$ cat query_2.txt   # compact mmCIF, C-alpha atoms and all ligand atoms
# COMPACT_ATOMS: atom_id res chain seq x y z
CA MET A 1 3.58 -5.06 10.90
CA THR A 2 2.75 -4.82 7.22
CA LEU A 3 -0.72 -5.62 5.94
CA GLU A 4 -1.17 -6.40 2.26
CA LEU A 5 -4.52 -7.01 0.61
CA THR A 6 -4.53 -8.19 -2.98
CA GLY A 7 -7.71 -8.48 -5.02
CA LEU A 8 -9.74 -8.93 -1.84
CA SER A 9 -13.47 -9.53 -2.29
CA THR A 10 -16.02 -10.34 0.39
CA GLY A 11 -19.69 -9.91 1.22
CA TYR A 12 -22.80 -11.31 2.84
CA GLY A 13 -25.00 -14.16 1.58
CA ARG A 14 -25.32 -13.87 -2.17
CA THR A 15 -24.12 -10.27 -2.27
CA THR A 16 -20.50 -9.39 -2.86
CA VAL A 17 -19.97 -6.01 -1.17
CA VAL A 18 -16.20 -5.51 -1.49
CA HIS A 19 -14.67 -6.04 -4.93
CA GLY A 20 -11.00 -6.70 -5.63
CA VAL A 21 -9.38 -4.35 -3.14
CA ASP A 22 -5.60 -3.86 -3.24
CA LEU A 23 -4.25 -2.09 -0.17
CA THR A 24 -1.00 -1.92 1.76
CA VAL A 25 -0.23 -0.67 5.24
CA PRO A 26 3.55 -0.49 5.53
CA ASP A 27 5.45 -1.27 8.71
CA GLY A 28 4.84 1.67 11.04
CA GLY A 29 2.61 3.34 8.45
CA LEU A 30 -0.92 4.72 8.54
CA THR A 31 -3.29 4.00 5.66
CA ALA A 32 -6.75 5.57 5.61
CA VAL A 33 -9.82 4.26 3.78
CA LEU A 34 -12.45 6.92 3.12
CA GLY A 35 -15.93 6.51 1.75
CA HIS A 36 -19.54 7.45 2.22
CA ASN A 37 -22.10 5.48 4.25
CA GLY A 38 -22.57 2.01 2.87
CA ALA A 39 -19.45 2.06 0.66
CA GLY A 40 -18.21 -1.17 2.23
CA LYS A 41 -15.51 0.11 4.58
CA THR A 42 -16.58 -1.86 7.66
CA THR A 43 -17.10 -4.95 5.52
CA LEU A 44 -13.52 -4.62 4.27
CA LEU A 45 -12.23 -4.41 7.85
CA ARG A 46 -14.22 -7.52 8.80
CA ALA A 47 -12.43 -9.44 6.05
CA VAL A 48 -9.07 -8.14 7.30
CA LEU A 49 -9.93 -9.49 10.77
CA GLY A 50 -11.24 -12.78 9.38
CA LEU A 51 -14.76 -12.12 10.65
CA LEU A 52 -15.92 -12.51 7.03
CA PRO A 53 -14.29 -14.99 4.64
CA ALA A 54 -12.52 -13.74 1.52
CA ARG A 55 -14.33 -14.66 -1.68
CA ALA A 56 -11.29 -13.84 -3.75
CA GLY A 57 -7.84 -12.42 -3.12
CA THR A 58 -5.44 -12.61 -0.21
CA VAL A 59 -4.70 -11.06 3.18
CA ARG A 60 -1.05 -11.04 4.24
CA LEU A 61 0.30 -10.04 7.64
CA ALA A 62 4.04 -9.43 7.88
CA GLY A 63 4.40 -11.42 4.65
CA THR A 64 2.38 -14.44 5.86
CA ASP A 65 -0.74 -15.42 3.95
CA VAL A 66 -3.47 -15.44 6.64
CA THR A 67 -6.45 -15.51 4.26
CA GLY A 68 -7.79 -18.78 5.68
CA TRP A 69 -6.99 -17.99 9.32
CA PRO A 70 -9.76 -17.51 11.92
CA PRO A 71 -9.90 -14.15 13.76
CA HIS A 72 -8.28 -15.36 17.01
CA ARG A 73 -5.16 -16.50 15.13
CA ARG A 74 -4.86 -13.12 13.41
CA VAL A 75 -5.27 -11.40 16.78
CA ARG A 76 -2.48 -13.57 18.21
CA ARG A 77 -0.33 -12.50 15.25
CA GLY A 78 -0.79 -8.89 16.42
CA ILE A 79 -3.98 -7.30 15.05
CA ALA A 80 -6.22 -5.27 17.36
CA TYR A 81 -9.61 -4.11 16.13
CA VAL A 82 -11.58 -1.18 17.49
CA PRO A 83 -15.04 -1.46 15.92
CA GLN A 84 -17.31 1.47 15.23
CA GLY A 85 -19.34 2.77 18.18
CA GLN A 86 -16.95 3.16 21.14
CA GLN A 87 -17.78 -0.23 22.58
CA SER A 88 -16.85 -0.98 26.14
CA PHE A 89 -18.25 -2.90 29.10
CA GLY A 90 -20.68 -0.24 30.25
CA GLN A 91 -21.25 -1.61 33.75
CA LEU A 92 -17.53 -1.85 34.52
CA THR A 93 -15.39 1.14 35.42
CA ALA A 94 -12.89 2.48 32.93
CA ARG A 95 -10.11 0.92 35.04
CA GLU A 96 -11.81 -2.49 35.02
CA ASN A 97 -12.27 -2.25 31.26
CA LEU A 98 -8.50 -2.00 30.92
CA GLN A 99 -7.79 -4.56 33.63
CA VAL A 100 -9.84 -7.36 32.08
CA VAL A 101 -7.54 -7.19 29.08
CA ALA A 102 -4.33 -6.42 30.97
CA ASP A 103 -4.79 -9.44 33.28
CA ALA A 104 -4.37 -11.74 30.30
CA TYR A 105 -0.91 -10.28 29.62
CA GLY A 106 0.62 -10.15 33.13
CA ALA A 107 3.40 -7.59 33.67
CA ALA A 108 3.37 -6.59 29.98
CA GLY A 109 -0.35 -5.83 30.31
CA ARG A 110 0.26 -3.55 33.30
CA ARG A 111 3.09 -1.75 31.52
CA ARG A 112 1.01 -1.27 28.39
CA THR A 113 -1.92 0.01 30.48
CA ASP A 114 0.37 2.71 31.88
CA GLU A 115 1.59 3.56 28.37
CA ALA A 116 -1.96 3.77 27.02
CA LEU A 117 -2.96 6.08 29.89
CA ASN A 118 0.03 8.30 29.12
CA LEU A 119 -1.20 8.52 25.57
CA PHE A 120 -4.73 9.47 26.69
CA PRO A 121 -4.16 11.60 29.80
CA ALA A 122 -7.84 12.61 29.84
CA LEU A 123 -8.69 9.07 30.96
CA GLY A 124 -6.62 9.26 34.15
CA PRO A 125 -9.17 11.11 36.31
CA LEU A 126 -12.01 9.00 34.91
CA LEU A 127 -10.70 5.55 35.75
CA GLY A 128 -13.16 5.03 38.60
CA ARG A 129 -16.18 6.00 36.50
CA GLN A 130 -18.50 3.46 34.88
CA ALA A 131 -17.62 3.21 31.19
CA GLY A 132 -21.29 3.56 30.26
CA LEU A 133 -21.32 7.02 31.83
CA LEU A 134 -18.34 8.34 29.84
CA SER A 135 -18.84 10.67 26.88
CA GLY A 136 -18.52 9.26 23.37
CA GLY A 137 -15.04 10.73 22.98
CA GLN A 138 -13.90 9.36 26.33
CA ARG A 139 -15.33 5.94 25.49
CA GLN A 140 -13.48 5.98 22.18
CA GLN A 141 -10.22 6.78 23.92
CA LEU A 142 -10.90 3.94 26.35
CA ALA A 143 -11.63 1.55 23.47
CA ILE A 144 -8.34 2.45 21.75
CA ALA A 145 -6.46 2.24 25.05
CA ARG A 146 -7.91 -1.24 25.66
CA ALA A 147 -6.82 -2.35 22.20
CA LEU A 148 -3.31 -1.07 22.92
CA VAL A 149 -3.09 -3.13 26.10
CA THR A 150 -2.97 -6.24 23.88
CA GLY A 151 0.34 -4.96 22.45
CA PRO A 152 -0.77 -4.94 18.80
CA ARG A 153 1.48 -4.51 15.78
CA LEU A 154 -1.44 -3.51 13.55
CA LEU A 155 -4.28 -1.38 14.90
CA VAL A 156 -7.51 -1.42 12.87
CA LEU A 157 -9.81 1.50 13.67
CA ASP A 158 -13.35 1.90 12.32
CA GLU A 159 -14.43 5.55 12.33
CA PRO A 160 -12.74 6.46 15.63
CA THR A 161 -14.01 10.03 15.49
CA GLU A 162 -17.64 9.43 14.55
CA GLY A 163 -19.91 11.68 16.58
CA ILE A 164 -17.01 13.13 18.59
CA GLN A 165 -16.39 16.81 19.17
CA PRO A 166 -13.46 18.43 17.31
CA ASN A 167 -11.10 19.01 20.25
CA VAL A 168 -11.34 15.35 21.25
CA VAL A 169 -10.89 14.31 17.61
CA ARG A 170 -7.58 16.17 17.70
CA GLU A 171 -6.51 14.34 20.88
CA ILE A 172 -7.36 11.01 19.32
CA TYR A 173 -5.43 11.79 16.14
CA ASP A 174 -2.45 13.10 18.09
CA ALA A 175 -2.38 9.78 19.92
CA ILE A 176 -2.76 7.74 16.72
CA THR A 177 0.05 9.73 15.09
CA ASP A 178 2.29 9.23 18.12
CA LEU A 179 1.69 5.52 17.91
CA SER A 180 2.39 5.09 14.21
CA SER A 181 5.37 7.47 14.20
CA GLY A 182 7.04 5.26 16.83
CA GLY A 183 7.54 2.85 13.93
CA GLU A 184 6.39 -0.24 15.86
CA LEU A 185 2.69 -0.04 15.13
CA SER A 186 0.93 0.09 11.77
CA VAL A 187 -2.54 1.61 11.56
CA LEU A 188 -5.42 0.91 9.18
CA LEU A 189 -8.07 3.54 9.61
CA VAL A 190 -11.57 3.92 8.18
CA GLU A 191 -13.10 7.39 8.21
CA GLN A 192 -15.94 9.42 6.79
CA HIS A 193 -14.44 12.66 8.05
CA ILE A 194 -11.56 13.43 5.80
CA GLY A 195 -9.38 16.20 7.24
CA TYR A 196 -7.36 14.59 10.01
CA ALA A 197 -7.30 11.16 8.44
CA VAL A 198 -5.78 12.32 5.14
CA GLU A 199 -3.42 14.74 6.87
CA HIS A 200 -1.92 11.96 8.99
CA ALA A 201 -2.04 9.13 6.47
CA GLY A 202 0.93 7.93 4.44
CA GLU A 203 -1.60 6.88 1.82
CA TYR A 204 -5.35 7.28 1.57
CA LEU A 205 -7.86 5.39 -0.53
CA VAL A 206 -11.43 6.29 -1.46
CA MET A 207 -13.93 3.46 -1.59
CA THR A 208 -17.10 3.79 -3.66
CA SER A 209 -19.63 0.96 -3.90
CA GLY A 210 -17.09 -1.58 -2.68
CA ARG A 211 -14.29 -0.58 -5.07
CA ILE A 212 -11.24 1.60 -4.60
CA THR A 213 -11.85 4.57 -6.90
CA HIS A 214 -8.97 6.82 -5.87
CA ARG A 215 -5.67 6.43 -4.04
CA ALA A 216 -2.93 8.96 -3.34
CA PRO A 217 -0.26 9.89 -0.79
CA GLY A 218 -1.65 11.63 2.31
CA GLY A 219 -0.47 14.81 4.02
CA ALA A 220 -1.94 18.25 4.70
CA ALA A 221 -1.66 19.26 1.03
CA ALA A 222 -3.69 16.21 -0.03
CA VAL A 223 -6.85 17.07 1.91
CA HIS A 224 -8.32 19.22 -0.87
CA ASP A 225 -7.88 16.48 -3.50
CA ALA A 226 -9.34 13.92 -1.11
CA ARG A 227 -12.47 16.04 -0.66
CA GLU A 228 -12.83 16.30 -4.41
CA ALA A 229 -12.38 12.57 -4.86
CA MET A 230 -15.04 11.96 -2.21
CA ALA A 231 -17.45 14.32 -3.94
CA LEU A 232 -17.30 12.44 -7.25
N1 LIG B 1 -24.43 -8.11 8.27
C1 LIG B 1 -24.79 -7.71 7.05
N2 LIG B 1 -25.57 -8.47 6.24
C2 LIG B 1 -25.92 -8.07 5.00
N3 LIG B 1 -25.51 -6.90 4.44
C3 LIG B 1 -24.75 -6.10 5.18
C4 LIG B 1 -24.35 -6.44 6.52
N4 LIG B 1 -23.58 -5.44 7.00
C5 LIG B 1 -23.50 -4.51 6.03
N5 LIG B 1 -24.20 -4.90 4.93
C6 LIG B 1 -24.32 -4.16 3.66
O1 LIG B 1 -23.03 -4.02 3.09
C7 LIG B 1 -22.89 -2.74 2.49
C8 LIG B 1 -21.64 -2.06 3.05
O2 LIG B 1 -21.83 -1.81 4.44
P1 LIG B 1 -20.63 -1.32 5.37
O3 LIG B 1 -21.14 -1.31 6.76
O4 LIG B 1 -19.42 -2.12 5.06
O5 LIG B 1 -20.42 0.15 4.84
P2 LIG B 1 -19.55 1.33 5.47
O6 LIG B 1 -18.80 1.93 4.34
O7 LIG B 1 -18.76 0.82 6.62
O8 LIG B 1 -20.69 2.32 5.95
P3 LIG B 1 -20.74 3.30 7.23
O9 LIG B 1 -19.80 4.42 6.93
O10 LIG B 1 -22.16 3.74 7.24
O11 LIG B 1 -20.34 2.50 8.43
C9 LIG B 1 -24.18 -1.98 2.76
O12 LIG B 1 -24.98 -2.08 1.61
C10 LIG B 1 -24.80 -2.73 3.91
O13 LIG B 1 -26.20 -2.66 3.86
$ encode --input "query_2.txt" --output "structure tokens"
Amino acid sequence: MTLELTGLSTGYGRTTVVHGVDLTVPDGGLTAVLGHNGAGKTTLLRAVLGLLPARAGTVRLAGTDVTGWPPHRRVRRGIAYVPQGQQSFGQLTARENLQVVADAYGAAGRRRTDEALNLFPALGPLLGRQAGLLSGGQRQQLAIARALVTGPRLLVLDEPTEGIQPNVVREIYDAITDLSSGGELSVLLVEQHIGYAVEHAGEYLVMTSGRITHRAPGGAAAVHDAREAMAL
């Protein structure tokens, strides 16, 4: 599902944090937003989800202007959001974390649970373990798997590899790439760590102090330029 932001501004109280952002995630595409701490990346995602109102500009999903829509309506339209910090229900097992979502979707939920577990095979042996006892990387995989059980058409990921060891980062990116290359799911990704994100992105954007200061096609050859743009 395409996402198009035009001139999007948002913020908190009297402070505008995100200024006039133009961004597109094409159908089945992966767009990455890079930026240092405090650049406004999470704030941008909150406006995409409708958790913060737009102060200017528009948010379009599959061509529909959803700028005034509340979050639950956007979710019904097909957005799934995985916030920063590998959140899960810590007291529940990994299996129960998936089930609470799957139950709302009946047979489709069960089928999508199986698909998500195929995508993250490391979770299989851990299903009986309390989510709070999983490692950060395992919890992140569980959080993405749970989002997938909703059957999204646009997956919004906030720093999915923060604090996660490199081999697990690779597993997570392999899964994300599998998903977006299937053509049915679009991905909007926020990252501080550049390598994998730029390599896998169709387009990447650098955000500095709430503004997009650089944008270019992604790919392995683009990683060097992205690092330079981030260093400016
Ligand atoms: N709930 C809030 N109320 C007021 N200001 C906030 C709130 N959340 C974030 N901010 C401010 O908005 C600015 C952007 O924060 P944001 O979390 O969007 O940055 P970020 O690029 O996602 O950073 P990080 O990479 O550290 O997560 C910061 O100056 C931050 O202090």
$ closest_atom_pairs --input "query_2.txt" --of "segment 173-223 of chain A" --to "segment 43-49 of chain A" --cutoff "9 Å" --atoms "only C-alpha atoms" --output "JSON lines"
{"residue": "A:Leu188", "atom": "CA", "partner": "A:Leu45", "partner_atom": "CA", "distance": 8.7}
{"residue": "A:Val190", "atom": "CA", "partner": "A:Leu45", "partner_atom": "CA", "distance": 8.4}
{"residue": "A:Gly210", "atom": "CA", "partner": "A:Leu44", "partner_atom": "CA", "distance": 8.4}
$ residues_around --input "query_2.txt" --residues "Asp22 of chain A" --least-positions-apart "4" --cutoff "8 Å" --atoms "all atoms listed in the file" --output "list in words"
Glu4, Leu5, Thr6, Gly7, Leu8 and Ile212 of chain A
$ residues_near_ligand --input "query_2.txt" --ligand "ligand LIG 1 (chain B)" --cutoff "9 Å" --atoms "only C-alpha atoms and all ligand atoms" --output "PyMOL selection string"
chain A and resi 11-13+15-18+34-46+84+158-159+190-192+207-210
$ residues_around --input "query_2.txt" --residues "segment 136-148 of chain A" --least-positions-apart "4" --cutoff "6 Å" --atoms "only C-alpha atoms" --output "number ranges by chain"
A: 80, 86, 98, 116, 164
$ write_last_selection --input "query_2.txt" --atoms "C-alpha atoms" --output "PDB file, in the frame of the given file"
ATOM      1  CA  ALA A  80      -6.220  -5.270  17.360  1.00  0.00           C
ATOM      2  CA  GLN A  86     -16.950   3.160  21.140  1.00  0.00           C
ATOM      3  CA  LEU A  98      -8.500  -2.000  30.920  1.00  0.00           C
ATOM      4  CA  ALA A 116      -1.960   3.770  27.020  1.00  0.00           C
ATOM      5  CA  ILE A 164     -17.010  13.130  18.590  1.00  0.00           C
TER       6      ILE A 164
END
$ residues_around --input "query_2.txt" --residues "segment 129-133 of chain A" --least-positions-apart "3" --cutoff "6 Å" --atoms "all atoms listed in the file" --output "count of residues only"
6
$ residues_around --input "query_2.txt" --residues "Arg110 of chain A" --least-positions-apart "4" --cutoff "12 Å" --atoms "all atoms listed in the file" --output "list in words"
Arg95, Leu98, Gln99, Val100, Val101, Ala102, Asp103, Ala104, Tyr105, Gly106, Asp114, Glu115, Ala116, Leu117, Arg146, Leu148, Val149, Thr150 and Gly151 of chain A
$ residues_around --input "query_2.txt" --residues "Trp69 of chain A" --least-positions-apart "2" --cutoff "12 Å" --atoms "all atoms listed in the file" --output "JSON list (two decimals) with C-alpha atoms, in the frame of the given file"
[["chain", "number", "residue", "atom", "x", "y", "z"],
["A", 47, "ALA", "CA", -12.43, -9.44, 6.05],
["A", 48, "VAL", "CA", -9.07, -8.14, 7.30],
["A", 49, "LEU", "CA", -9.93, -9.49, 10.77],
["A", 50, "GLY", "CA", -11.24, -12.78, 9.38],
["A", 51, "LEU", "CA", -14.76, -12.12, 10.65],
["A", 52, "LEU", "CA", -15.92, -12.51, 7.03],
["A", 53, "PRO", "CA", -14.29, -14.99, 4.64],
["A", 54, "ALA", "CA", -12.52, -13.74, 1.52],
["A", 58, "THR", "CA", -5.44, -12.61, -0.21],
["A", 59, "VAL", "CA", -4.70, -11.06, 3.18],
["A", 60, "ARG", "CA", -1.05, -11.04, 4.24],
["A", 61, "LEU", "CA", 0.30, -10.04, 7.64],
["A", 64, "THR", "CA", 2.38, -14.44, 5.86],
["A", 65, "ASP", "CA", -0.74, -15.42, 3.95],
["A", 66, "VAL", "CA", -3.47, -15.44, 6.64],
["A", 67, "THR", "CA", -6.45, -15.51, 4.26],
["A", 71, "PRO", "CA", -9.90, -14.15, 13.76],
["A", 72, "HIS", "CA", -8.28, -15.36, 17.01],
["A", 73, "ARG", "CA", -5.16, -16.50, 15.13],
["A", 74, "ARG", "CA", -4.86, -13.12, 13.41],
["A", 75, "VAL", "CA", -5.27, -11.40, 16.78],
["A", 76, "ARG", "CA", -2.48, -13.57, 18.21],
["A", 77, "ARG", "CA", -0.33, -12.50, 15.25]]
$ residues_near_point --input "query_2.txt" --point "(3.8, -2.3, 9.6)" --cutoff "8 Å" --atoms "only C-alpha atoms" --output "MDAnalysis selection string"
chainID A and resid 1:3 25:29 62 153:154 183:187
$ atom_distance --input "query_2.txt" --atom1 "atom CA of Ser180 of chain A" --atom2 "atom CA of Leu157 of chain A"
12.7 Å
$ closest_residue --input "query_2.txt" --among "A:Pro121, A:Gly128, A:Pro152, A:Glu171" --to "Gly109 of chain A" --atoms "only C-alpha atoms"
A:Pro152
